[in-house]
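The structure appears below as structure tokens.
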Amino acid sequence: MDFRLFILPLIAFIIASLTSQAGVSGAFLLMPVQISLLGITSPIASATNLAYNIIAIPSGIQRFRKEKRFLVPLALSIIAGSIPGAFIGAFIRTNFLLNPKPFKLFVGLVLMCLGLRLILVRKKKIQAVTEIQIKQISFKKVTFSFAHEDFSFSPIVIFLLVLFTGTISGAYGIGGGALLAPILISVFMLPPHAIASSTLTGTFTTSIMGVCFYYLLGYPPDWEIAILFGIGGMLGMYTGARIQKYIPERVIKTILAFLIFIPAAKYILGYFR
């Protein structure tokens, strides 16, 4: 029997159960699996990653919504900026990153940036995980209360930021949460327990558009692999969302950084050999 029937769902489950706690689908770590384990380096790998997001993410979003940890204004800002970015990224991938060697270097550099962002973030500890309460909302500023503290962000700034990160993530084959979540945590000082549902929602919507763009450009996803990843990811997303409030932020970030640096170093060093 094909080993993929067991291995791929298991890998996706482990990855998603960890990454979903930081508001990330885990697709960025499935790319190294496709490259190194399955030998897929064409733009189909990027499209397959996005298809995985479509299958896996809804279970995590639903769990966060059930616990009333869903920041709608942030999700809408992310969606608005990442959709055009996804198209630009897909165009770059299919026209300028077809060669496996530079694409692996691109993957390694993106992963390295993500890992450095995570380990350099310094955030004060939140004492308890509570519901999100919106206090102020406008195009210029949104203020919300979470864990007895007030936080704020500018939807316009988020839109412009996601337009840029969406281009990179569209080329890589991720919905954007992996790039955006560390920035929201480190630069905007937003708590990961509050932004997770919004970044996952943005990733889900962007992934739908991204798959459509790759279809139009002649690179449809491998749905067999996407479904196998998706089954494990769907269970992992739900599990991660359920256990997130019991795991310290420092532990989440340490595990993610470790998982990121291993493939990043491999692909960057491999480019210069």
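Just remember, in the structure tokens the first chain shown is A, the second B, etc., residues are 1-based per chain, and ligands are 1-based in the order shown.
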
For this session: Could you give me, as a PyMOL selection string, each residue of segment 98-266 of chain A that DSSP assigns to alpha helix (DSSP H) when run on this structure's backbone?
Result: chain A and resi 100-120+155-172+177-186+192-216+223-243+249-266

Counting only C-alpha atoms, which residues of segment 65-180 of chain A sit at most 10 Å from some atom of segment 50-59 of chain A, and what is each one's closest atom pair with its distance in Å to one decimal, listed by chain and rising residue number, as JSON lines?
```
{"residue": "A:Ser169", "atom": "CA", "partner": "A:Leu50", "partner_atom": "CA", "distance": 9.9}
{"residue": "A:Gly170", "atom": "CA", "partner": "A:Leu50", "partner_atom": "CA", "distance": 8.7}
{"residue": "A:Tyr172", "atom": "CA", "partner": "A:Leu50", "partner_atom": "CA", "distance": 9.5}
{"residue": "A:Gly173", "atom": "CA", "partner": "A:Leu50", "partner_atom": "CA", "distance": 5.7}
{"residue": "A:Ile174", "atom": "CA", "partner": "A:Leu50", "partner_atom": "CA", "distance": 5.7}
{"residue": "A:Gly175", "atom": "CA", "partner": "A:Leu50", "partner_atom": "CA", "distance": 6.6}
```

Those residues you just picked out, can you put them in a file as a CSV table (one decimal), in the first residue's frame with C-alpha atoms?
```
chain,number,residue,atom,x,y,z
A,169,SER,CA,3.3,33.9,0.2
A,170,GLY,CA,1.5,33.5,-3.2
A,172,TYR,CA,5.7,30.2,-2.0
A,173,GLY,CA,2.3,28.6,-1.9
A,174,ILE,CA,1.0,29.6,1.5
A,175,GLY,CA,-2.0,31.8,2.4
```

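One finds atom CA of Thr41 of chain A at 12.4 Å from atom CA of Tyr267 of chain A.
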
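With only C-alpha atoms as the basis for measurement, A:Ala12 is the residue among A:Tyr219, A:Asp2, A:Val162, A:Ala12 that approaches Ile231 of chain A most closely.
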
Exercise. Out of A:Lys104, A:Arg63, A:His193, A:Arg117, which residue has the shortest atom-to-atom distance to Ala147 of chain A when counting only C-alpha atoms?
Worked result: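 The closest residue to Ala147 of chain A is A:His193.
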
For this session: From a DSSP calculation on the backbone, collect every residue of segment 100-154 of chain A in strand (DSSP E) and output the set as a list in words.
Result: Gln133, Ile134, Lys135, Gln136, Ile137, Val142, Thr143, Phe144, Ser145, Phe146, Glu149, Asp150, Phe151, Ser152 and Phe153 of chain A

Exercise. Which residues, written as a list of chain:residue names, have at least one atom at most 6 Å from Val24 of chain A, with only C-alpha atoms counted and residues fewer than 3 positions away on the same chain left out?
Worked result: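 Final neighbour list, sorted by chain and number: A:Thr19, A:Ser20, A:Gly177, A:Ala178.
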
For the residues in the current selection, export C-alpha atoms as a PDB file, in the first residue's frame.
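Saved to again10.pdb:
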```pdb
ATOM      1  CA  THR A  19       1.331  25.884  13.879  1.00  0.00           C
ATOM      2  CA  SER A  20      -2.406  26.570  14.223  1.00  0.00           C
ATOM      3  CA  GLY A 177      -0.410  33.627   7.833  1.00  0.00           C
ATOM      4  CA  ALA A 178       3.115  32.254   8.268  1.00  0.00           C
TER       5      ALA A 178
END
```

For this session: Write out as a list of chain:residue names the residues lying within 8 Å of Pro220 of chain A, counting only C-alpha atoms and excluding same-chain residues fewer than 6 positions away.
Result: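 Near neighbours after the sequence-gap exclusion: A:Ile44, A:Ala47, A:Thr48, A:Val211, A:Tyr214.
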
For this session: Mind giving me the straight-line distance from atom CA of Ile227 of chain A to atom CA of Ile168 of chain A in Å, one decimal?
Result: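 The value is 24.1 Å.
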
Problem set entry | Minimum-distance residue to Leu180 of chain A, chosen among A:Met237, A:Ile88, A:Leu228, A:Leu74 (using only C-alpha atoms) |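 Under the stated criterion, the closest residue is A:Leu74.
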
Exercise. Any idea what's packed within 7 Å of Leu111 of chain A, counting only C-alpha atoms, ignoring anything in its chain fewer than 6 positions away? Could you give it as a PyMOL selection string?
Worked result: chain A and resi 260-261+264

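Minimum distance to Ser77 of chain A across A:Tyr215, A:Phe3, A:Phe139, A:Tyr238 (counting only C-alpha atoms) occurs at A:Phe139.
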
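Nearest to Val107 of chain A of all the residues A:Val187, A:Cys212, A:Val33, A:Ile252 is A:Val33, based on only C-alpha atoms.
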